[in-house]
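Everything below concerns the one structure shown next.
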Amino acid sequence: MESFTIGHEYRYVVRRFLYHMTDLFRDSYRYWELIWALALKELKIRYKRSVLGFAWALLNPALLMLVLTLVFSTILRFNIPHYAIFLLSVLLPWTFFAQSLSYAVEAIVTNGDLIKKVAVPKLVFPMAALVSNLINLLLSLVPLIILVLLMRHPFYWTWFYLPVPLLALAIFTLGMTFFFAVANVFYRDVSHILQILLSAWFYLTPIIYPLDAIPARYHWFFKLNPIIYVINGFRLAVYYGKLPHAQSIAASFVCAFISLIIGYSIFRRYQDTFVFYV
Amino acid sequence: MSSNAPSIRVENVTQRFRVIQERPDTVRELFSKLFRHQSSYHDFEAVRNISFDVPAGQMLGIIGRNGSGKSTLLKVIAGVYRPTKGSVRVTGTIAPLIELGAGFHHELTGRENILLNGLLMGYSKRAMLERQDRIIEFADIGDFIDAPVKQYSSGMYMRLAFAVATEVDPQILLVDEILAVGDAGFQEKCFARIRKFRESGKTILFVTHVMGDIREHCERVLLLEQGSIVTDARPEEAIAMYKNLVTPELVGAD
């Protein structure tokens with residue numbers, strides 16, 4: 001074991017970080033055509049053999065919105081005007097997050113046959129899971145826009161801010177997809193654990209309720225939730241027409257990059273051994 | 001590039017697999033294993049300290065009994081496995097014909113799979129679109145090209161896979177027993193293409209159990225046994241040694 005002084009250790013960590021990140025960006029760029037083709041394949045197969053085909057990508061969120069709007073404007077009435085928009089402004093990004101993880105957790109295992117036969121960069125599989133769900137998220141914004149117009153909810157200029165939380169969310173999700181894809185290769189329990197984890201996480205995140213509904217003394221606990229900052233950005237921009245505080249934006253990116261560093265480092269470390277375990 | 005540089009250099013390569021009798025597939029099993037301090041695995045070396053060079057333009061046959069390490073060796077060279085020890089250096093693009101159509105997706109059409117498979121082998125979209133027509137022509141499967149590959153017969157599947165793998169114009173071809181499938185006409189077409197590859201100075205590694213093919217096509221043969229090279233010789237010598245390895249088994253079986 002080498003011993004480091006504190007200063008060296010810090011420099012070492014920074015260097016490793018930059019090294020991993022350049023590596024990740026270089027590989028994503030180099031294999032972009034493959035990642036894109038795999039993502040499109042994913043979508044094609046999802047909608048294959050359905051009469052409406054790709055239209056489901058738009059219809060699905062549209063019908064969900066219809067149901068939610070009916071339920072929350074007639075049966076369950078909250079004291080929140082335009083509750084459907086309040087909910088969907090964060091439910092859509094959450095769905096992207098949850099679905100990306102659900103796809104990615106199986107990404108390496110289901111492509112096991114391929115990995116055992118072809119020398120293929122492993123990172124393309126979780127990346128493709130992310131990209132295909134990102135396409136879905138972007139498509140689902142179309143019915144959301146229509147809903148905003150139909151409900152006569154103001155169309156705030158803060159919509160233009162959405163690429164920022166979108167970027168933070170994509171980075172955060174990517175890190176998590178890497179982590180879960182690796183973990184499931186070695187322990188197949190992970191894909192089951194993930195489903196439970198996601199549903200617990202869903203209710204602990206202010207998605208169907210506003211954070212104000214939680215007594216102030218529990219707020220510290222909610223602030224430990226790394227996804228809350230980015231989620232908050234979506235709701236502020238779409239529903240309230242406001243921008244988040246600088247600290248909140250910074251927090252969302254710090255969480256995103258921590259997730260990416262941890263996830264990708266683990267992925268890099270184990271990717272050459274996947275072939276023996278799938 | 002100088003012509004006498006080796007296109008493949010394999011140095012002291014060992015490929016070890018951990019054969020786990022009862023791999024802890026679940027967390028519960030993991031804990032029970034940890035607490036009882038059991039280790040129910042043994043290491044198995046499929047390839048043992050192998051070194052050889054293949055000069056550019058050579059057609060090298062690899063023979064040996066089942067389980068002697070032929071396929072593992074090809075997969076190490078193709079980059080599917082990272083060798084446990086040693087190194088592999090490959091100069092040029094490789095087309096692995098190890099398992100044809102490994103990258104095919106059953107729900108996608110033949111045409112869609114041409115692109116996807118090419119991308120998986122590391123070629124660009126542009127390169128694949130340029131070659132698409134020639135691939136379709138060589139595969140010769142008619143209108144099926146726009147049907148999902150799950151509707152293909154195994155012969156059609158193989159034709160398309162072979163066409164994709166060879167039309168990309170690789171410098172090195174790894175061929176693993178795949179030509180045994182397919183009808184005589186298509187086999188002849190494949191060998192014609194392999195001959196054309198040889199004439200244009202490409203390197204070919206050829207694994208087969210058909211000694212006639214080895215005799216006809218290869219100039220040099222590696223005989224593997226239990227993961228090591230037994231002999232590296234001209235085809236006739238290597239085939240004679242292979243027959244000696246195999247015959248005692250036949251006698252014993254009587």
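The chains in the structure tokens are called A, B, ... from first to last as shown; in each chain the residues are counted from 1, and the ligands are counted from 1 in the order shown.
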
**OP:** Report as a PyMOL selection string the set of chain B residues whose atoms approach chain A to within 8 Å, with distances computed over only C-alpha atoms.
**Re:** chain B and resi 17+25-27+75+78-82+96+98-99+102-103+107-108+116+119-122+124-125

Who sits within 8 Å of Val54 in chain B, only C-alpha atoms, same chain under 2 positions skipped, as a short mmCIF file (atom, residue, chain, number, x, y, z; two decimals) with C-alpha atoms, in the first residue's frame:
```cif
data_model
loop_
_atom_site.label_atom_id
_atom_site.label_comp_id
_atom_site.auth_asym_id
_atom_site.auth_seq_id
_atom_site.Cartn_x
_atom_site.Cartn_y
_atom_site.Cartn_z
CA PRO B 6 2.47 -10.11 -38.03
CA SER B 7 -1.20 -9.26 -38.22
CA ILE B 8 -1.89 -11.24 -35.05
CA ARG B 9 0.58 -11.67 -32.22
CA PHE B 52 2.18 -17.58 -31.78
CA ALA B 56 -0.38 -11.03 -42.70
CA GLN B 58 -1.57 -16.44 -43.91
CA LEU B 60 -3.92 -20.69 -40.32
CA THR B 203 -5.28 -13.16 -42.78
#
```

**OP:** Would you list, as a PyMOL selection string, the residues of range 28-180 of chain B that end up in strand (DSSP E) under DSSP run on this structure's backbone?
**Re:** chain B and resi 41-55+59-64+85-90+94-97+172-176

Output of the above residues as a compact mmCIF listing (two decimals), in the first residue's frame, restricted to N, CA and C atoms:
```txt
# COMPACT_ATOMS: atom_id res chain seq x y z
N TYR B 41 -15.76 -23.62 -5.98
CA TYR B 41 -15.40 -23.40 -7.37
C TYR B 41 -13.99 -23.94 -7.60
N HIS B 42 -13.68 -24.16 -8.86
CA HIS B 42 -12.30 -24.42 -9.20
C HIS B 42 -11.96 -23.63 -10.45
N ASP B 43 -10.70 -23.31 -10.60
CA ASP B 43 -10.29 -22.56 -11.77
C ASP B 43 -9.90 -23.53 -12.86
N PHE B 44 -10.25 -23.12 -14.07
CA PHE B 44 -10.04 -24.01 -15.20
C PHE B 44 -9.41 -23.17 -16.29
N GLU B 45 -8.28 -23.63 -16.79
CA GLU B 45 -7.61 -22.86 -17.84
C GLU B 45 -7.95 -23.43 -19.20
N ALA B 46 -8.79 -22.70 -19.92
CA ALA B 46 -9.22 -23.17 -21.24
C ALA B 46 -8.09 -23.00 -22.25
N VAL B 47 -7.29 -21.98 -22.04
CA VAL B 47 -6.13 -21.73 -22.89
C VAL B 47 -4.95 -21.51 -21.96
N ARG B 48 -3.83 -22.22 -22.25
CA ARG B 48 -2.72 -22.20 -21.32
C ARG B 48 -1.45 -21.71 -21.97
N ASN B 49 -1.03 -20.53 -21.63
CA ASN B 49 0.26 -20.02 -22.01
C ASN B 49 0.56 -20.24 -23.50
N ILE B 50 -0.30 -19.73 -24.33
CA ILE B 50 -0.14 -19.92 -25.76
C ILE B 50 0.51 -18.70 -26.40
N SER B 51 1.49 -18.94 -27.25
CA SER B 51 2.11 -17.85 -28.01
C SER B 51 2.24 -18.27 -29.47
N PHE B 52 1.89 -17.37 -30.36
CA PHE B 52 2.18 -17.58 -31.78
C PHE B 52 1.95 -16.28 -32.54
N ASP B 53 2.56 -16.20 -33.70
CA ASP B 53 2.35 -15.05 -34.58
C ASP B 53 1.66 -15.54 -35.84
N VAL B 54 0.80 -14.71 -36.38
CA VAL B 54 0.26 -15.02 -37.70
C VAL B 54 0.67 -13.90 -38.64
N PRO B 55 1.53 -14.19 -39.61
CA PRO B 55 1.90 -13.14 -40.55
C PRO B 55 0.70 -12.75 -41.41
N MET B 59 -3.19 -18.22 -44.02
CA MET B 59 -4.41 -18.90 -43.60
C MET B 59 -4.01 -20.01 -42.65
N LEU B 60 -4.35 -19.79 -41.38
CA LEU B 60 -3.92 -20.69 -40.32
C LEU B 60 -5.10 -21.55 -39.88
N GLY B 61 -4.93 -22.86 -39.93
CA GLY B 61 -5.96 -23.76 -39.44
C GLY B 61 -5.74 -24.04 -37.97
N ILE B 62 -6.81 -24.19 -37.21
CA ILE B 62 -6.68 -24.58 -35.81
C ILE B 62 -7.54 -25.81 -35.61
N ILE B 63 -6.90 -26.91 -35.19
CA ILE B 63 -7.65 -28.14 -34.99
C ILE B 63 -7.42 -28.64 -33.57
N GLY B 64 -8.21 -29.60 -33.17
CA GLY B 64 -8.11 -30.15 -31.83
C GLY B 64 -9.45 -30.75 -31.46
N LYS B 85 -3.95 -13.76 -18.51
CA LYS B 85 -2.53 -13.42 -18.58
C LYS B 85 -2.14 -13.27 -20.04
N GLY B 86 -1.06 -12.56 -20.26
CA GLY B 86 -0.55 -12.43 -21.62
C GLY B 86 -1.25 -11.34 -22.40
N SER B 87 -0.89 -11.24 -23.67
CA SER B 87 -1.47 -10.17 -24.47
C SER B 87 -1.72 -10.62 -25.89
N VAL B 88 -2.65 -9.96 -26.53
CA VAL B 88 -2.97 -10.22 -27.92
C VAL B 88 -2.85 -8.90 -28.67
N ARG B 89 -2.09 -8.89 -29.74
CA ARG B 89 -2.03 -7.68 -30.53
C ARG B 89 -2.53 -7.97 -31.93
N VAL B 90 -3.48 -7.20 -32.37
CA VAL B 90 -4.08 -7.43 -33.67
C VAL B 90 -3.90 -6.16 -34.50
N ILE B 94 -10.98 -6.87 -37.68
CA ILE B 94 -11.33 -8.28 -37.56
C ILE B 94 -12.80 -8.48 -37.88
N ALA B 95 -13.10 -9.51 -38.65
CA ALA B 95 -14.49 -9.95 -38.76
C ALA B 95 -14.58 -11.30 -38.09
N PRO B 96 -15.23 -11.37 -36.93
CA PRO B 96 -15.35 -12.65 -36.26
C PRO B 96 -16.55 -13.42 -36.79
N LEU B 97 -16.29 -14.55 -37.43
CA LEU B 97 -17.39 -15.42 -37.84
C LEU B 97 -17.46 -16.55 -36.85
N ILE B 172 -8.81 -9.24 -41.29
CA ILE B 172 -8.61 -10.53 -40.63
C ILE B 172 -9.97 -11.20 -40.46
N LEU B 173 -10.00 -12.49 -40.78
CA LEU B 173 -11.25 -13.22 -40.68
C LEU B 173 -11.05 -14.36 -39.69
N LEU B 174 -11.94 -14.47 -38.70
CA LEU B 174 -11.89 -15.60 -37.78
C LEU B 174 -13.08 -16.48 -38.09
N VAL B 175 -12.82 -17.71 -38.49
CA VAL B 175 -13.91 -18.59 -38.91
C VAL B 175 -13.97 -19.79 -37.98
N ASP B 176 -15.10 -19.97 -37.31
CA ASP B 176 -15.21 -21.06 -36.34
C ASP B 176 -16.32 -22.03 -36.72
```

Within 8 Å of range 208-222 of chain A using only C-alpha atoms, minus same-chain residues under 4 positions, as a short mmCIF file (atom, residue, chain, number, x, y, z; two decimals) with N, CA and C atoms, in the first residue's frame:
```
data_model
loop_
_atom_site.label_atom_id
_atom_site.label_comp_id
_atom_site.auth_asym_id
_atom_site.auth_seq_id
_atom_site.Cartn_x
_atom_site.Cartn_y
_atom_site.Cartn_z
N LEU A 87 -49.03 17.68 -11.16
CA LEU A 87 -48.54 16.31 -11.04
C LEU A 87 -47.65 15.92 -12.22
N LEU A 91 -44.22 14.05 -12.75
CA LEU A 91 -44.44 12.62 -12.96
C LEU A 91 -43.75 12.15 -14.25
N TYR A 203 -42.90 7.51 -3.35
CA TYR A 203 -43.77 8.13 -2.35
C TYR A 203 -43.00 9.06 -1.43
N LEU A 204 -41.70 8.85 -1.30
CA LEU A 204 -40.90 9.74 -0.45
C LEU A 204 -40.46 11.00 -1.19
N ILE A 228 -34.68 15.15 -5.41
CA ILE A 228 -35.69 16.17 -5.12
C ILE A 228 -35.35 17.51 -5.78
#
```

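Our summary of the geometry notes that CA of Val278 in chain A is positioned 11.5 Å from CA of Ala181 in chain A.
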
Original post:
Excluding same-chain residues fewer than 3 positions from Trp94 in chain A, what lies within 12 Å of it counting only C-alpha atoms, as a PyMOL selection string?
Top reply: chain A and resi 87-91+97-101+133-134+137+165-166+169-170+172-173+198-199+201-203+205-208+227-228+230-232+234-235

Subject >> Who sits within 12 Å of range 138-147 of chain A, only C-alpha atoms, same chain under 3 positions skipped, as a PyMOL selection string >> reply: chain A and resi 54-66+68-69+82-93+95-96+131-135+150-156+159+162-163+166+234+238-239

Write the residues of the preceding selection, restricted to N, CA and C atoms, as a tab-separated table (two decimals), in the first residue's frame.
```tsv
chain	number	residue	atom	x	y	z
A	54	PHE	N	-45.95	3.55	-33.29
A	54	PHE	CA	-45.21	4.58	-32.58
A	54	PHE	C	-46.12	5.64	-31.95
A	55	ALA	N	-47.35	5.73	-32.46
A	55	ALA	CA	-48.29	6.71	-31.89
A	55	ALA	C	-48.50	6.48	-30.40
A	56	TRP	N	-48.25	5.26	-29.93
A	56	TRP	CA	-48.42	4.96	-28.51
A	56	TRP	C	-47.49	5.79	-27.63
A	57	ALA	N	-46.36	6.16	-28.18
A	57	ALA	CA	-45.43	6.97	-27.41
A	57	ALA	C	-46.07	8.29	-27.02
A	58	LEU	N	-46.99	8.79	-27.88
A	58	LEU	CA	-47.71	10.02	-27.57
A	58	LEU	C	-49.02	9.73	-26.84
A	59	LEU	N	-49.68	8.65	-27.28
A	59	LEU	CA	-50.99	8.32	-26.73
A	59	LEU	C	-50.91	7.91	-25.27
A	60	ASN	N	-49.87	7.17	-24.95
A	60	ASN	CA	-49.72	6.65	-23.60
A	60	ASN	C	-49.77	7.76	-22.55
A	61	PRO	N	-48.86	8.74	-22.63
A	61	PRO	CA	-48.94	9.83	-21.65
A	61	PRO	C	-50.23	10.63	-21.79
A	62	ALA	N	-50.74	10.75	-23.01
A	62	ALA	CA	-51.97	11.53	-23.20
A	62	ALA	C	-53.13	10.88	-22.46
A	63	LEU	N	-53.24	9.55	-22.59
A	63	LEU	CA	-54.33	8.85	-21.92
A	63	LEU	C	-54.15	8.87	-20.41
A	64	LEU	N	-52.88	8.74	-19.98
A	64	LEU	CA	-52.59	8.82	-18.55
A	64	LEU	C	-53.05	10.17	-18.01
A	65	MET	N	-52.76	11.22	-18.78
A	65	MET	CA	-53.15	12.56	-18.37
A	65	MET	C	-54.66	12.69	-18.27
A	66	LEU	N	-55.33	12.09	-19.24
A	66	LEU	CA	-56.79	12.13	-19.23
A	66	LEU	C	-57.33	11.50	-17.95
A	68	LEU	N	-55.76	10.95	-15.08
A	68	LEU	CA	-55.39	11.72	-13.90
A	68	LEU	C	-56.25	12.97	-13.76
A	69	THR	N	-56.46	13.62	-14.89
A	69	THR	CA	-57.24	14.85	-14.84
A	69	THR	C	-58.66	14.57	-14.38
A	82	HIS	N	-55.39	23.19	-11.17
A	82	HIS	CA	-54.73	22.50	-12.28
A	82	HIS	C	-53.81	21.39	-11.78
A	83	TYR	N	-54.38	20.56	-10.93
A	83	TYR	CA	-53.56	19.53	-10.29
A	83	TYR	C	-52.88	18.62	-11.31
A	84	ALA	N	-53.56	18.34	-12.41
A	84	ALA	CA	-52.97	17.44	-13.41
A	84	ALA	C	-51.63	17.97	-13.89
A	85	ILE	N	-51.55	19.28	-14.09
A	85	ILE	CA	-50.30	19.86	-14.57
A	85	ILE	C	-49.26	19.84	-13.45
A	86	PHE	N	-49.74	20.15	-12.25
A	86	PHE	CA	-48.87	20.08	-11.08
A	86	PHE	C	-48.22	18.70	-10.97
A	87	LEU	N	-49.03	17.68	-11.16
A	87	LEU	CA	-48.54	16.31	-11.04
A	87	LEU	C	-47.65	15.92	-12.22
A	88	LEU	N	-48.14	16.17	-13.42
A	88	LEU	CA	-47.42	15.69	-14.60
A	88	LEU	C	-46.08	16.38	-14.80
A	89	SER	N	-45.98	17.62	-14.35
A	89	SER	CA	-44.71	18.34	-14.52
A	89	SER	C	-43.56	17.57	-13.87
A	90	VAL	N	-43.84	16.76	-12.84
A	90	VAL	CA	-42.77	15.95	-12.25
A	90	VAL	C	-42.97	14.45	-12.47
A	91	LEU	N	-44.22	14.05	-12.75
A	91	LEU	CA	-44.44	12.62	-12.96
A	91	LEU	C	-43.75	12.15	-14.25
A	92	LEU	N	-43.76	12.99	-15.27
A	92	LEU	CA	-43.12	12.59	-16.53
A	92	LEU	C	-41.62	12.41	-16.35
A	93	PRO	N	-40.90	13.37	-15.76
A	93	PRO	CA	-39.47	13.12	-15.51
A	93	PRO	C	-39.23	11.93	-14.59
A	95	THR	N	-41.08	9.25	-14.37
A	95	THR	CA	-41.30	8.04	-15.17
A	95	THR	C	-40.07	7.75	-16.03
A	96	PHE	N	-39.48	8.79	-16.57
A	96	PHE	CA	-38.24	8.62	-17.33
A	96	PHE	C	-37.17	7.97	-16.45
A	131	VAL	N	-31.20	6.44	-23.44
A	131	VAL	CA	-31.56	7.26	-24.61
A	131	VAL	C	-32.98	6.95	-25.08
A	132	SER	N	-33.35	5.66	-25.08
A	132	SER	CA	-34.69	5.34	-25.57
A	132	SER	C	-35.76	5.94	-24.65
A	133	ASN	N	-35.47	5.96	-23.35
A	133	ASN	CA	-36.44	6.56	-22.45
A	133	ASN	C	-36.43	8.08	-22.50
A	134	LEU	N	-35.29	8.62	-22.87
A	134	LEU	CA	-35.21	10.07	-23.04
A	134	LEU	C	-36.07	10.51	-24.23
A	135	ILE	N	-36.02	9.71	-25.30
A	135	ILE	CA	-36.87	10.00	-26.46
A	135	ILE	C	-38.34	9.98	-26.04
A	150	LEU	N	-55.05	23.38	-23.14
A	150	LEU	CA	-56.46	23.06	-22.95
A	150	LEU	C	-56.98	23.56	-21.60
A	151	MET	N	-56.14	23.41	-20.56
A	151	MET	CA	-56.58	23.82	-19.22
A	151	MET	C	-56.43	25.32	-19.01
A	152	ARG	N	-55.89	25.99	-20.04
A	152	ARG	CA	-55.65	27.44	-19.96
A	152	ARG	C	-54.71	27.78	-18.82
A	153	HIS	N	-53.81	26.86	-18.54
A	153	HIS	CA	-52.76	27.15	-17.57
A	153	HIS	C	-51.76	28.07	-18.26
A	154	PRO	N	-51.25	29.09	-17.55
A	154	PRO	CA	-50.31	29.99	-18.24
A	154	PRO	C	-49.11	29.23	-18.80
A	155	PHE	N	-48.69	29.65	-19.96
A	155	PHE	CA	-47.52	29.04	-20.58
A	155	PHE	C	-46.33	29.92	-20.25
A	156	TYR	N	-45.58	29.52	-19.22
A	156	TYR	CA	-44.52	30.39	-18.71
A	156	TYR	C	-43.28	30.36	-19.59
A	159	TRP	N	-40.40	27.61	-19.35
A	159	TRP	CA	-40.28	26.34	-20.10
A	159	TRP	C	-38.91	26.24	-20.76
A	162	LEU	N	-36.18	24.35	-19.04
A	162	LEU	CA	-36.27	22.90	-18.86
A	162	LEU	C	-35.02	22.11	-19.30
A	163	PRO	N	-34.30	22.50	-20.35
A	163	PRO	CA	-33.09	21.73	-20.69
A	163	PRO	C	-32.11	21.58	-19.52
A	166	LEU	N	-33.33	18.88	-17.22
A	166	LEU	CA	-33.30	17.67	-18.05
A	166	LEU	C	-31.88	17.10	-18.11
A	234	PHE	N	-38.25	21.00	-12.40
A	234	PHE	CA	-39.30	20.78	-13.40
A	234	PHE	C	-40.61	21.43	-12.96
A	238	VAL	N	-42.53	24.51	-14.96
A	238	VAL	CA	-43.74	24.24	-15.73
A	238	VAL	C	-44.99	24.75	-15.01
A	239	TYR	N	-45.07	24.49	-13.72
A	239	TYR	CA	-46.32	24.78	-13.00
A	239	TYR	C	-46.34	26.18	-12.41
```

Original post:
Which polymer residues have any atom within 6 Å of an atom of Ser252 in chain A, counting only C-alpha atoms, with same-chain residues fewer than 3 positions away left out, as a count of residues only?
Top reply: 4

Subject >> All helix (DSSP H, G or I) positions in range 8-139 of chain B, as an MDAnalysis selection string >> reply: chainID B and resid 27:36 70:78 110:120 125:139

Resulting file, chosen residues, N, CA and C atoms, as a short mmCIF file (atom, residue, chain, number, x, y, z; two decimals), in the first residue's frame:
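Wrote out.cif, looks like this:
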```
data_model
loop_
_atom_site.label_atom_id
_atom_site.label_comp_id
_atom_site.auth_asym_id
_atom_site.auth_seq_id
_atom_site.Cartn_x
_atom_site.Cartn_y
_atom_site.Cartn_z
N VAL B 27 -28.61 -13.14 -3.04
CA VAL B 27 -27.95 -12.60 -1.84
C VAL B 27 -27.99 -13.61 -0.71
N ARG B 28 -29.12 -14.33 -0.60
CA ARG B 28 -29.26 -15.30 0.47
C ARG B 28 -28.17 -16.36 0.39
N GLU B 29 -27.99 -16.88 -0.84
CA GLU B 29 -26.95 -17.89 -1.02
C GLU B 29 -25.59 -17.31 -0.70
N LEU B 30 -25.40 -16.05 -1.09
CA LEU B 30 -24.12 -15.41 -0.83
C LEU B 30 -23.82 -15.41 0.65
N PHE B 31 -24.82 -15.00 1.45
CA PHE B 31 -24.59 -14.93 2.89
C PHE B 31 -24.34 -16.30 3.47
N SER B 32 -25.13 -17.27 3.04
CA SER B 32 -24.93 -18.60 3.61
C SER B 32 -23.54 -19.12 3.23
N LYS B 33 -23.06 -18.76 2.03
CA LYS B 33 -21.71 -19.16 1.63
C LYS B 33 -20.67 -18.46 2.48
N LEU B 34 -20.87 -17.18 2.69
CA LEU B 34 -19.89 -16.40 3.45
C LEU B 34 -19.75 -16.94 4.86
N PHE B 35 -20.90 -17.24 5.46
CA PHE B 35 -20.85 -17.64 6.86
C PHE B 35 -20.33 -19.05 7.03
N ARG B 36 -20.56 -19.86 6.04
CA ARG B 36 -20.06 -21.23 6.17
C ARG B 36 -18.69 -21.39 5.54
N LYS B 70 -10.02 -24.25 -28.77
CA LYS B 70 -10.02 -23.55 -30.07
C LYS B 70 -10.91 -22.32 -30.06
N SER B 71 -12.14 -22.53 -29.62
CA SER B 71 -13.09 -21.41 -29.66
C SER B 71 -12.70 -20.31 -28.68
N THR B 72 -12.23 -20.73 -27.51
CA THR B 72 -11.80 -19.74 -26.53
C THR B 72 -10.68 -18.89 -27.11
N LEU B 73 -9.73 -19.56 -27.78
CA LEU B 73 -8.62 -18.83 -28.37
C LEU B 73 -9.12 -17.80 -29.39
N LEU B 74 -10.05 -18.21 -30.23
CA LEU B 74 -10.60 -17.26 -31.21
C LEU B 74 -11.30 -16.09 -30.53
N LYS B 75 -12.01 -16.40 -29.43
CA LYS B 75 -12.73 -15.33 -28.74
C LYS B 75 -11.78 -14.37 -28.05
N VAL B 76 -10.64 -14.89 -27.58
CA VAL B 76 -9.64 -13.99 -26.99
C VAL B 76 -9.10 -13.06 -28.07
N ILE B 77 -8.84 -13.63 -29.25
CA ILE B 77 -8.31 -12.81 -30.35
C ILE B 77 -9.36 -11.81 -30.82
N ALA B 78 -10.62 -12.23 -30.82
CA ALA B 78 -11.69 -11.33 -31.25
C ALA B 78 -11.98 -10.23 -30.23
N GLY B 110 -34.36 -8.14 -41.81
CA GLY B 110 -33.01 -8.40 -42.28
C GLY B 110 -32.26 -7.12 -42.55
N ARG B 111 -32.94 -6.19 -43.22
CA ARG B 111 -32.30 -4.92 -43.56
C ARG B 111 -31.89 -4.15 -42.31
N GLU B 112 -32.78 -4.12 -41.31
CA GLU B 112 -32.46 -3.42 -40.07
C GLU B 112 -31.30 -4.10 -39.35
N ASN B 113 -31.30 -5.43 -39.43
CA ASN B 113 -30.23 -6.17 -38.76
C ASN B 113 -28.87 -5.98 -39.42
N ILE B 114 -28.86 -5.74 -40.73
CA ILE B 114 -27.59 -5.49 -41.41
C ILE B 114 -26.91 -4.29 -40.76
N LEU B 115 -27.70 -3.23 -40.58
CA LEU B 115 -27.15 -2.01 -39.99
C LEU B 115 -26.72 -2.26 -38.55
N LEU B 116 -27.62 -2.85 -37.76
CA LEU B 116 -27.33 -3.04 -36.33
C LEU B 116 -26.10 -3.93 -36.14
N ASN B 117 -26.04 -5.01 -36.92
CA ASN B 117 -24.92 -5.94 -36.80
C ASN B 117 -23.60 -5.28 -37.18
N GLY B 118 -23.65 -4.48 -38.24
CA GLY B 118 -22.45 -3.76 -38.65
C GLY B 118 -21.97 -2.80 -37.58
N LEU B 119 -22.92 -2.09 -36.97
CA LEU B 119 -22.55 -1.16 -35.91
C LEU B 119 -21.95 -1.91 -34.72
N LEU B 120 -22.52 -3.08 -34.41
CA LEU B 120 -22.00 -3.89 -33.31
C LEU B 120 -20.57 -4.34 -33.58
N LYS B 125 -22.33 3.74 -39.66
CA LYS B 125 -23.62 3.62 -40.34
C LYS B 125 -23.43 3.83 -41.84
N ARG B 126 -22.59 4.81 -42.17
CA ARG B 126 -22.37 5.13 -43.57
C ARG B 126 -21.76 3.94 -44.31
N ALA B 127 -20.75 3.33 -43.68
CA ALA B 127 -20.10 2.19 -44.31
C ALA B 127 -21.10 1.07 -44.56
N MET B 128 -22.02 0.88 -43.60
CA MET B 128 -22.98 -0.21 -43.75
C MET B 128 -24.01 0.10 -44.83
N LEU B 129 -24.44 1.35 -44.90
CA LEU B 129 -25.44 1.69 -45.93
C LEU B 129 -24.83 1.57 -47.32
N GLU B 130 -23.55 1.91 -47.42
CA GLU B 130 -22.88 1.78 -48.72
C GLU B 130 -22.83 0.32 -49.17
N ARG B 131 -22.65 -0.58 -48.19
CA ARG B 131 -22.47 -1.99 -48.55
C ARG B 131 -23.78 -2.76 -48.57
N GLN B 132 -24.85 -2.12 -48.12
CA GLN B 132 -26.11 -2.83 -47.94
C GLN B 132 -26.53 -3.62 -49.18
N ASP B 133 -26.47 -2.98 -50.34
CA ASP B 133 -26.95 -3.64 -51.55
C ASP B 133 -26.12 -4.89 -51.87
N ARG B 134 -24.82 -4.77 -51.70
CA ARG B 134 -23.96 -5.93 -51.99
C ARG B 134 -24.22 -7.06 -51.00
N ILE B 135 -24.47 -6.70 -49.74
CA ILE B 135 -24.77 -7.72 -48.72
C ILE B 135 -26.05 -8.46 -49.10
N ILE B 136 -27.06 -7.69 -49.46
CA ILE B 136 -28.35 -8.30 -49.82
C ILE B 136 -28.19 -9.21 -51.03
N GLU B 137 -27.38 -8.75 -51.98
CA GLU B 137 -27.17 -9.54 -53.18
C GLU B 137 -26.49 -10.87 -52.86
N PHE B 138 -25.45 -10.81 -52.00
CA PHE B 138 -24.73 -12.04 -51.67
C PHE B 138 -25.62 -12.99 -50.86
N ALA B 139 -26.39 -12.45 -49.93
CA ALA B 139 -27.23 -13.30 -49.08
C ALA B 139 -28.29 -13.99 -49.93
#
```

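Interatomic distance, CA of Val182 in chain A against CA of Leu260 in chain A: 13.4 Å.
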
**OP:** Calculate how many Å separate CA of Ala168 in chain A from CA of Ser259 in chain A, rounding to one decimal.
**Re:**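 Calculated distance between CA of Ala168 in chain A and CA of Ser259 in chain A is 10.6 Å.
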